[in-house]
>>> print(open('run_16.pdb').read())   # PDB, C-alpha atoms
ATOM      1  CA  MET L  18     117.637  54.135  67.217
ATOM      2  CA  VAL L  19     119.863  52.257  64.745
ATOM      3  CA  SER L  20     119.165  52.761  61.065
ATOM      4  CA  ASP L  21     119.371  49.987  58.479
ATOM      5  CA  PRO L  22     122.799  50.343  56.743
ATOM      6  CA  GLU L  23     121.344  49.035  53.453
ATOM      7  CA  TYR L  24     118.534  51.591  53.419
ATOM      8  CA  THR L  25     119.064  54.914  51.659
ATOM      9  CA  ARG L  26     116.741  57.893  51.373
ATOM     10  CA  ASP L  27     116.087  57.052  47.713
ATOM     11  CA  ASP L  28     114.762  53.582  48.514
ATOM     12  CA  ALA L  29     111.118  52.900  49.195
ATOM     13  CA  LEU L  30     110.319  52.940  52.865
ATOM     14  CA  PRO L  31     111.365  49.729  54.595
ATOM     15  CA  PRO L  32     108.551  47.349  55.473
ATOM     16  CA  THR L  33     106.888  48.139  58.735
ATOM     17  CA  ILE L  34     107.446  45.859  61.671
ATOM     18  CA  ALA L  35     104.559  43.490  62.220
ATOM     19  CA  VAL L  36     103.088  44.424  65.575
ATOM     20  CA  PRO L  37     100.846  41.889  67.299
ATOM     21  CA  ALA L  38      97.308  43.097  67.927
ATOM     22  CA  GLY L  39      96.857  44.684  71.304
ATOM     23  CA  VAL L  40     100.524  45.701  71.714
ATOM     24  CA  PHE L  41     100.924  49.426  72.201
ATOM     25  CA  SER L  42     103.594  51.969  72.992
ATOM     26  CA  ASN L  43     103.980  53.270  76.534
ATOM     27  CA  ALA L  44     102.987  56.715  75.264
ATOM     28  CA  GLN L  45      99.689  58.189  76.468
ATOM     29  CA  PRO L  46      97.421  60.474  74.442
ATOM     30  CA  LEU L  47      97.291  63.944  75.986
ATOM     31  CA  GLN L  48      93.495  63.941  75.961
ATOM     32  CA  HIS L  49      93.482  60.749  78.078
ATOM     33  CA  LEU L  50      95.645  62.447  80.684
ATOM     34  CA  VAL L  51      93.299  65.451  80.808
ATOM     35  CA  VAL L  52      90.036  63.473  80.892
ATOM     36  CA  LEU L  53      91.248  61.004  83.531
ATOM     37  CA  SER L  54      92.591  63.846  85.686
ATOM     38  CA  VAL L  55      89.511  66.040  85.528
ATOM     39  CA  VAL L  56      87.038  63.204  86.049
ATOM     40  CA  SER L  57      89.061  61.945  89.054
ATOM     41  CA  PHE L  58      88.998  65.386  90.723
ATOM     42  CA  GLY L  59      92.743  65.739  90.121
ATOM     43  CA  LEU L  60      93.754  62.418  91.687
ATOM     44  CA  TYR L  61      94.919  60.769  88.450
ATOM     45  CA  PRO L  62      98.263  62.654  88.242
ATOM     46  CA  THR L  63      99.412  60.626  91.255
ATOM     47  CA  TYR L  64      98.861  57.386  89.337
ATOM     48  CA  TRP L  65     100.266  59.028  86.170
ATOM     49  CA  MET L  66     103.545  59.769  87.952
ATOM     50  CA  TYR L  67     103.751  56.265  89.426
ATOM     51  CA  GLN L  68     103.012  54.626  86.076
ATOM     52  CA  ASN L  69     105.625  56.679  84.203
ATOM     53  CA  LEU L  70     108.247  55.935  86.861
ATOM     54  CA  ARG L  71     107.371  52.226  86.708
ATOM     55  CA  LEU L  72     107.662  52.165  82.912
ATOM     56  CA  LEU L  73     111.001  53.994  82.947
ATOM     57  CA  LYS L  74     112.341  51.738  85.697
ATOM     58  CA  GLY L  75     111.559  48.653  83.631
ATOM     59  CA  HIS L  76     112.766  50.076  80.328
ATOM     60  CA  LYS L  77     116.012  51.653  81.552
ATOM     61  CA  GLN L  78     116.707  49.155  84.368
ATOM     62  CA  LEU L  79     116.736  51.973  86.942
ATOM     63  CA  SER L  80     117.220  51.125  90.606
ATOM     64  CA  ILE L  81     114.366  53.281  91.887
ATOM     65  CA  SER L  82     111.159  52.642  93.785
ATOM     66  CA  PRO L  83     108.298  54.159  91.764
ATOM     67  CA  ALA L  84     105.863  53.779  94.678
ATOM     68  CA  TRP L  85     108.089  55.574  97.217
ATOM     69  CA  ARG L  86     109.051  58.292  94.738
ATOM     70  CA  THR L  87     105.388  58.917  93.954
ATOM     71  CA  PHE L  88     104.444  58.912  97.627
ATOM     72  CA  GLY L  89     107.228  61.393  98.406
ATOM     73  CA  ALA L  90     106.165  63.706  95.597
ATOM     74  CA  PHE L  91     102.776  64.335  97.179
ATOM     75  CA  ILE L  92     103.862  65.006 100.786
ATOM     76  CA  PRO L  93     103.059  68.635 101.641
ATOM     77  CA  LEU L  94     106.022  71.037 101.297
ATOM     78  CA  ILE L  95     108.886  68.521 101.076
ATOM     79  CA  GLY L  96     107.002  66.883  98.225
ATOM     80  CA  LEU L  97     107.903  69.873  96.045
ATOM     81  CA  LEU L  98     111.488  68.619  95.910
ATOM     82  CA  PHE L  99     110.425  65.058  95.143
ATOM     83  CA  PHE L 100     107.908  66.190  92.498
ATOM     84  CA  LYS L 101     110.561  68.348  90.824
ATOM     85  CA  ASP L 102     113.020  65.425  90.872
ATOM     86  CA  GLN L 103     110.529  63.175  89.076
ATOM     87  CA  LEU L 104     109.886  65.788  86.391
ATOM     88  CA  GLN L 105     113.675  66.260  86.141
ATOM     89  CA  LEU L 106     114.078  62.498  85.596
ATOM     90  CA  PHE L 107     111.459  62.599  82.839
ATOM     91  CA  ALA L 108     113.200  65.598  81.204
ATOM     92  CA  GLU L 109     116.687  64.057  81.397
ATOM     93  CA  THR L 110     115.435  60.736  80.042
ATOM     94  CA  ALA L 111     113.844  62.426  77.029
ATOM     95  CA  ALA L 112     116.811  64.753  76.489
ATOM     96  CA  ALA L 113     119.143  61.727  76.369
ATOM     97  CA  ASP L 114     117.331  60.747  73.147
ATOM     98  CA  SER L 115     117.888  64.268  71.719
ATOM     99  CA  ILE L 116     114.342  65.423  72.428
ATOM    100  CA  ALA L 117     114.030  69.167  72.926
ATOM    101  CA  ILE L 118     112.641  69.741  76.408
ATOM    102  CA  GLU L 119     110.078  72.541  76.438
ATOM    103  CA  PHE L 120     109.507  72.720  80.173
ATOM    104  CA  SER L 121     111.323  73.586  83.362
ATOM    105  CA  PRO L 122     110.848  70.978  86.113
ATOM    106  CA  TRP L 123     110.867  73.676  88.824
ATOM    107  CA  ALA L 124     108.410  75.918  86.980
ATOM    108  CA  ARG L 125     106.065  72.981  86.334
ATOM    109  CA  THR L 126     106.297  71.867  89.959
ATOM    110  CA  LEU L 127     105.442  75.323  91.300
ATOM    111  CA  ALA L 128     102.649  75.827  88.754
ATOM    112  CA  PHE L 129     101.142  72.393  89.486
ATOM    113  CA  THR L 130     101.219  73.138  93.208
ATOM    114  CA  ALA L 131      99.712  76.620  92.778
ATOM    115  CA  VAL L 132      96.836  75.380  90.625
ATOM    116  CA  SER L 133      96.260  72.399  92.942
ATOM    117  CA  LEU L 134      95.906  74.794  95.883
ATOM    118  CA  LEU L 135      92.823  76.227  94.186
ATOM    119  CA  GLY L 136      91.098  73.139  95.602
ATOM    120  CA  GLU L 137      90.978  75.010  98.916
ATOM    121  CA  LEU L 138      88.571  77.583  97.469
ATOM    122  CA  PRO L 139      84.877  77.450  98.447
ATOM    123  CA  ASN L 140      82.172  75.887  96.264
ATOM    124  CA  PRO L 141      82.090  75.902  93.264
ATOM    125  CA  TRP L 142      85.514  77.465  92.676
ATOM    126  CA  TRP L 143      87.506  74.486  94.008
ATOM    127  CA  ILE L 144      86.825  72.723  90.720
ATOM    128  CA  MET L 145      89.483  74.922  89.071
ATOM    129  CA  ALA L 146      92.107  72.786  90.820
ATOM    130  CA  THR L 147      91.388  69.981  88.334
ATOM    131  CA  GLY L 148      93.117  72.209  85.763
ATOM    132  CA  ALA L 149      96.495  71.388  87.351
ATOM    133  CA  VAL L 150      96.815  68.610  84.797
ATOM    134  CA  LEU L 151      97.327  71.207  82.060
ATOM    135  CA  VAL L 152     100.710  71.963  83.629
ATOM    136  CA  LEU L 153     101.760  68.348  82.985
ATOM    137  CA  LEU L 154     100.946  68.304  79.251
ATOM    138  CA  PRO L 155     104.456  69.375  78.073
ATOM    139  CA  VAL L 156     105.921  66.654  80.299
ATOM    140  CA  GLN L 157     103.641  64.012  78.756
ATOM    141  CA  ARG L 158     104.426  65.344  75.280
ATOM    142  CA  ALA L 159     108.178  64.836  75.936
ATOM    143  CA  LEU L 160     107.518  61.337  77.295
ATOM    144  CA  ASN L 161     105.455  60.508  74.201
ATOM    145  CA  GLN L 162     108.344  61.606  71.976
ATOM    146  CA  TYR L 163     110.704  59.484  74.059
ATOM    147  CA  TRP L 164     108.554  56.377  73.693
ATOM    148  CA  ALA L 165     108.186  56.968  69.942
ATOM    149  CA  ILE L 166     111.988  56.749  69.652
ATOM    150  CA  GLU L 167     112.444  53.905  72.129
ATOM    151  CA  GLN L 168     109.552  51.805  70.813
ATOM    152  CA  PRO L 169     109.578  52.370  67.043
ATOM    153  CA  GLY L 170     106.675  50.866  65.184
ATOM    154  CA  LEU L 171     104.448  50.492  68.233
ATOM    155  CA  PRO L 172     101.239  52.488  67.923
ATOM    156  CA  MET L 173      99.955  54.730  70.693
ATOM    157  CA  ARG L 174      96.814  53.363  72.303
ATOM    158  CA  GLN L 175      93.963  55.647  71.247
ATOM    159  CA  ARG L 176      91.122  54.110  73.249
ATOM    160  CA  PHE L 177      90.753  53.943  76.987
ATOM    161  CA  SER L 178      91.704  50.597  78.523
ATOM    162  CA  SER L 179      89.055  48.570  80.344
ATOM    163  CA  GLY L 180      90.554  49.641  83.681
ATOM    164  CA  GLU L 181      90.405  53.305  82.643
ATOM    165  CA  ILE L 182      86.801  52.926  81.510
ATOM    166  CA  THR L 183      85.867  51.396  84.877
ATOM    167  CA  PHE L 184      87.688  54.246  86.618
ATOM    168  CA  LEU L 185      85.815  56.808  84.482
ATOM    169  CA  VAL L 186      82.442  55.207  85.271
ATOM    170  CA  VAL L 187      83.109  55.200  89.034
ATOM    171  CA  CYS L 188      84.386  58.785  89.033
ATOM    172  CA  GLY L 189      81.482  59.849  86.793
ATOM    173  CA  ALA L 190      79.045  58.384  89.312
ATOM    174  CA  VAL L 191      80.725  60.377  92.089
ATOM    175  CA  TRP L 192      80.425  63.548  89.973
ATOM    176  CA  LEU L 193      76.698  62.887  89.482
ATOM    177  CA  LEU L 194      76.184  62.296  93.200
ATOM    178  CA  LEU L 195      77.937  65.564  94.016
ATOM    179  CA  ILE L 196      75.880  67.483  91.464
ATOM    180  CA  PHE L 197      72.606  66.023  92.764
ATOM    181  CA  ALA L 198      73.654  66.668  96.376
ATOM    182  CA  SER L 199      74.536  70.262  95.511
ATOM    183  CA  ILE L 200      71.172  70.825  93.805
ATOM    184  CA  ALA L 201      69.305  69.203  96.690
ATOM    185  CA  ALA L 202      71.185  71.332  99.246
ATOM    186  CA  ASP L 203      70.375  74.519  97.292
ATOM    187  CA  ARG L 204      66.688  73.598  97.194
ATOM    188  CA  LEU L 205      66.703  72.821 100.910
ATOM    189  CA  VAL L 206      68.237  76.215 101.698
ATOM    190  CA  VAL L 207      65.638  77.977  99.529
ATOM    191  CA  ALA L 208      62.789  75.982 101.138
ATOM    192  CA  LEU L 209      63.979  76.838 104.650
ATOM    193  CA  ALA L 210      64.328  80.545 103.838
TER     194      ALA L 210
END
>>> encode(input="run_16.pdb", output="structure tokens")
Amino acid sequence: MVSDPEYTRDDALPPTIAVPAGVFSNAQPLQHLVVLSVVSFGLYPTYWMYQNLRLLKGHKQLSISPAWRTFGAFIPLIGLLFFKDQLQLFAETAAADSIAIEFSPWARTLAFTAVSLLGELPNPWWIMATGAVLVLLPVQRALNQYWAIEQPGLPMRQRFSSGEITFLVVCGAVWLLLIFASIAADRLVVALA
């Protein structure tokens, strides 16, 4: 970020940059990441990784394939290496702008995998796997700091986009169907006993 050579600390703050309505930073509120991940049964982190890779590719002119990198990150076993590499890219990108990185890509990869494996537990304990998103919060926090430096003056979007709202409604309907099916199955078991 280049500072204005005519601006000193004693001056009044320089005028803010006029930002057109509807233009936002690439940063994502942490609560959006959590809500979208939990409501989607833990599927949203796949899109989250793809989206962050796509944004970095465009901003830094990287010669990467966000789709293939995301696909590789979720292949069983070998995906651990790909997942770690993506988190490493996010960490190195933020660190290049002098952002203190408060996470280890390997530790986050192993923790995300361990919590995701809780999805193999029987009902209702599998739901704990949706907590894997909590492992990604320090990564998103570093990315948010990066975008604040790279896109000064652009506000972070605080509301869900129309696509995210549609996604939440569809996933919410699936949650309701599962809850009703679970209640109906319990009643059927009790009636047959």
>>> closest_atom_pairs(input="run_16.pdb", of="region 101-167 of chain L", to="region 71-92 of chain L", cutoff="9 Å", atoms="all atoms listed in the file", output="CSV")
residue,atom,partner,partner_atom,distance
L:Lys101,CA,L:Ala90,CA,8.0
L:Asp102,CA,L:Ala90,CA,8.5
L:Gln103,CA,L:Arg86,CA,7.6
L:Phe107,CA,L:Leu73,CA,8.6
L:Thr110,CA,L:Leu73,CA,8.6
>>> write_last_selection(input="run_16.pdb", atoms="C-alpha atoms", output="mmCIF file, in the frame of the given file")
data_model
loop_
_atom_site.group_PDB
_atom_site.id
_atom_site.type_symbol
_atom_site.label_atom_id
_atom_site.label_comp_id
_atom_site.auth_asym_id
_atom_site.auth_seq_id
_atom_site.Cartn_x
_atom_site.Cartn_y
_atom_site.Cartn_z
ATOM 1 C CA LYS L 101 110.561 68.348 90.824
ATOM 2 C CA ASP L 102 113.020 65.425 90.872
ATOM 3 C CA GLN L 103 110.529 63.175 89.076
ATOM 4 C CA PHE L 107 111.459 62.599 82.839
ATOM 5 C CA THR L 110 115.435 60.736 80.042
#
>>> atom_distance(input="run_16.pdb", atom1="CA of Pro122 (chain L)", atom2="CA of Leu104 (chain L)")
5.3 Å
>>> residues_near_point(input="run_16.pdb", point="(108.0, 73.3, 81.7)", cutoff="6 Å", atoms="only C-alpha atoms", output="PyMOL selection string")
chain L and resi 119-122+124-125
>>> axis_aligned_box(input="run_16.pdb", around="region 83-96 of chain L", padding_each_side="6 Å", output="JSON")
{"center_x": 105.9, "center_y": 62.4, "center_z": 96.7, "size_x": 18.3, "size_y": 29.3, "size_z": 21.9}
>>> closest_residue(input="run_16.pdb", among="L:Leu185, L:Thr126, L:Leu193, L:Glu109", to="Leu94 (chain L)", atoms="all atoms listed in the file")
L:Thr126
>>> residues_around(input="run_16.pdb", residues="Phe184 (chain L)", least_positions_apart="5", cutoff="10 Å", atoms="all atoms listed in the file", output="PyMOL selection string")
chain L and resi 53+56-57+61+178-179+189-190
>>> closest_residue(input="run_16.pdb", among="L:Gln105, L:Thr147, L:Ser115, L:Asn140", to="Pro62 (chain L)", atoms="all atoms listed in the file")
L:Thr147
>>> atom_distance(input="run_16.pdb", atom1="CA of Val186 (chain L)", atom2="CA of Leu60 (chain L)")
14.9 Å
>>> atom_distance(input="run_16.pdb", atom1="CA of Trp192 (chain L)", atom2="CA of Leu153 (chain L)")
23.0 Å
>>> residues_around(input="run_16.pdb", residues="Val40 (chain L)", least_positions_apart="5", cutoff="10 Å", atoms="all atoms listed in the file", output="ChimeraX atom specification")
/L:171-174
>>> decode(input="run_16.pdb", residues="region 31-180 of chain L", atoms="C-alpha atoms", output="short mmCIF file (atom, residue, chain, number, x, y, z; two decimals), in the first residue's frame")
data_model
loop_
_atom_site.label_atom_id
_atom_site.label_comp_id
_atom_site.auth_asym_id
_atom_site.auth_seq_id
_atom_site.Cartn_x
_atom_site.Cartn_y
_atom_site.Cartn_z
CA PRO L 31 -7.47 12.17 3.77
CA PRO L 32 -10.86 12.01 2.10
CA THR L 33 -12.17 8.52 1.70
CA ILE L 34 -12.29 6.99 -1.74
CA ALA L 35 -15.76 7.11 -3.23
CA VAL L 36 -16.84 3.50 -3.60
CA PRO L 37 -19.72 2.74 -5.95
CA ALA L 38 -22.72 1.12 -4.28
CA GLY L 39 -22.62 -2.63 -4.37
CA VAL L 40 -18.82 -2.89 -4.67
CA PHE L 41 -17.29 -4.89 -1.85
CA SER L 42 -13.96 -6.30 -0.78
CA ASN L 43 -13.16 -9.95 -1.41
CA ALA L 44 -13.07 -10.48 2.35
CA GLN L 45 -15.74 -12.68 3.92
CA PRO L 46 -17.23 -12.23 7.39
CA LEU L 47 -16.28 -15.13 9.65
CA GLN L 48 -19.89 -15.68 10.66
CA HIS L 49 -20.86 -16.17 6.99
CA LEU L 50 -18.25 -18.89 6.64
CA VAL L 51 -19.56 -20.67 9.75
CA VAL L 52 -23.27 -20.37 8.90
CA LEU L 53 -22.84 -21.45 5.27
CA SER L 54 -20.67 -24.40 6.33
CA VAL L 55 -22.93 -25.69 9.07
CA VAL L 56 -26.15 -25.28 7.09
CA SER L 57 -24.57 -27.09 4.10
CA PHE L 58 -23.56 -30.08 6.26
CA GLY L 59 -19.89 -29.14 5.84
CA LEU L 60 -19.93 -28.92 2.04
CA TYR L 61 -19.36 -25.16 1.83
CA PRO L 62 -15.60 -25.29 2.63
CA THR L 63 -15.09 -26.90 -0.78
CA TYR L 64 -16.62 -23.87 -2.49
CA TRP L 65 -14.82 -21.57 -0.01
CA MET L 66 -11.45 -22.98 -1.08
CA TYR L 67 -12.31 -22.72 -4.78
CA GLN L 68 -13.55 -19.15 -4.42
CA ASN L 69 -10.46 -17.99 -2.51
CA LEU L 70 -8.16 -19.62 -5.06
CA ARG L 71 -10.13 -18.00 -7.90
CA LEU L 72 -9.91 -14.56 -6.27
CA LEU L 73 -6.18 -14.89 -5.63
CA LYS L 74 -5.55 -16.14 -9.16
CA GLY L 75 -7.26 -13.08 -10.61
CA HIS L 76 -5.72 -10.59 -8.20
CA LYS L 77 -2.13 -11.87 -8.29
CA GLN L 78 -2.20 -13.17 -11.89
CA LEU L 79 -1.28 -16.68 -10.71
CA SER L 80 -1.04 -19.49 -13.25
CA ILE L 81 -3.08 -22.00 -11.26
CA SER L 82 -6.31 -23.89 -11.82
CA PRO L 83 -8.59 -23.19 -8.85
CA ALA L 84 -10.99 -25.97 -9.87
CA TRP L 85 -8.30 -28.67 -10.11
CA ARG L 86 -6.58 -27.52 -6.92
CA THR L 87 -9.89 -27.65 -5.06
CA PHE L 88 -10.75 -31.04 -6.51
CA GLY L 89 -7.33 -32.40 -5.51
CA ALA L 90 -7.67 -31.08 -1.97
CA PHE L 91 -10.68 -33.27 -1.27
CA ILE L 92 -9.40 -36.60 -2.66
CA PRO L 93 -9.05 -39.06 0.23
CA LEU L 94 -5.50 -39.36 1.63
CA ILE L 95 -3.54 -37.63 -1.15
CA GLY L 96 -5.87 -34.67 -0.72
CA LEU L 97 -4.13 -33.91 2.58
CA LEU L 98 -1.10 -32.70 0.63
CA PHE L 99 -3.20 -30.62 -1.75
CA PHE L 100 -5.29 -29.15 1.10
CA LYS L 101 -2.12 -28.21 3.00
CA ASP L 102 -0.67 -26.61 -0.15
CA GLN L 103 -3.75 -24.41 -0.57
CA LEU L 104 -3.60 -23.26 3.06
CA GLN L 105 0.15 -22.68 2.57
CA LEU L 106 -0.62 -20.49 -0.47
CA PHE L 107 -3.12 -18.48 1.58
CA ALA L 108 -0.56 -18.08 4.41
CA GLU L 109 2.29 -17.05 2.10
CA THR L 110 0.07 -14.59 0.24
CA ALA L 111 -0.97 -12.90 3.49
CA ALA L 112 2.56 -12.99 4.92
CA ALA L 113 3.86 -11.21 1.80
CA ASP L 114 1.80 -8.19 2.94
CA SER L 115 3.38 -8.38 6.43
CA ILE L 116 0.37 -10.05 8.02
CA ALA L 117 1.22 -12.17 11.04
CA ILE L 118 0.11 -15.72 10.28
CA GLU L 119 -1.47 -17.36 13.32
CA PHE L 120 -1.92 -20.84 11.90
CA SER L 121 0.11 -23.77 10.67
CA PRO L 122 -1.10 -25.14 7.32
CA TRP L 123 -0.23 -28.72 8.35
CA ALA L 124 -1.91 -28.44 11.75
CA ARG L 125 -5.04 -26.93 10.18
CA THR L 126 -5.12 -29.63 7.50
CA LEU L 127 -4.86 -32.45 10.04
CA ALA L 128 -7.40 -30.84 12.38
CA PHE L 129 -9.87 -30.22 9.53
CA THR L 130 -9.53 -33.83 8.43
CA ALA L 131 -9.91 -35.20 11.97
CA VAL L 132 -13.05 -33.18 12.68
CA SER L 133 -14.48 -34.02 9.24
CA LEU L 134 -14.05 -37.73 10.00
CA LEU L 135 -16.57 -37.31 12.81
CA GLY L 136 -19.14 -37.48 10.00
CA GLU L 137 -18.64 -41.26 10.09
CA LEU L 138 -20.17 -41.46 13.57
CA PRO L 139 -23.71 -42.83 13.99
CA ASN L 140 -26.79 -40.62 14.39
CA PRO L 141 -26.90 -37.98 15.81
CA TRP L 142 -23.17 -37.62 16.50
CA TRP L 143 -22.17 -37.20 12.83
CA ILE L 144 -23.39 -33.62 13.04
CA MET L 145 -20.21 -32.71 14.96
CA ALA L 146 -18.34 -32.93 11.65
CA THR L 147 -19.91 -29.61 10.61
CA GLY L 148 -17.62 -28.05 13.23
CA ALA L 149 -14.63 -28.58 10.90
CA VAL L 150 -15.20 -25.06 9.65
CA LEU L 151 -13.96 -23.69 12.98
CA VAL L 152 -10.49 -24.90 11.99
CA LEU L 153 -10.60 -22.59 8.95
CA LEU L 154 -11.43 -19.38 10.86
CA PRO L 155 -7.77 -18.28 11.38
CA VAL L 156 -7.18 -18.84 7.66
CA GLN L 157 -10.18 -16.66 6.74
CA ARG L 158 -9.07 -14.04 9.26
CA ALA L 159 -5.64 -13.84 7.53
CA LEU L 160 -7.32 -13.61 4.12
CA ASN L 161 -9.57 -10.82 5.40
CA GLN L 162 -6.51 -8.89 6.59
CA TYR L 163 -4.89 -9.45 3.20
CA TRP L 164 -7.89 -8.09 1.31
CA ALA L 165 -8.10 -5.08 3.65
CA ILE L 166 -4.55 -4.15 2.59
CA GLU L 167 -4.96 -5.04 -1.09
CA GLN L 168 -8.37 -3.39 -1.49
CA PRO L 169 -8.21 -0.29 0.73
CA GLY L 170 -11.46 1.58 1.08
CA LEU L 171 -13.66 -1.30 -0.05
CA PRO L 172 -16.11 -2.38 2.63
CA MET L 173 -16.62 -6.01 3.59
CA ARG L 174 -20.00 -7.32 2.52
CA GLN L 175 -22.04 -7.81 5.70
CA ARG L 176 -25.19 -9.34 4.23
CA PHE L 177 -25.54 -12.64 2.46
CA SER L 178 -25.64 -12.40 -1.34
CA SER L 179 -28.76 -13.53 -3.19
CA GLY L 180 -26.97 -16.73 -4.23
#
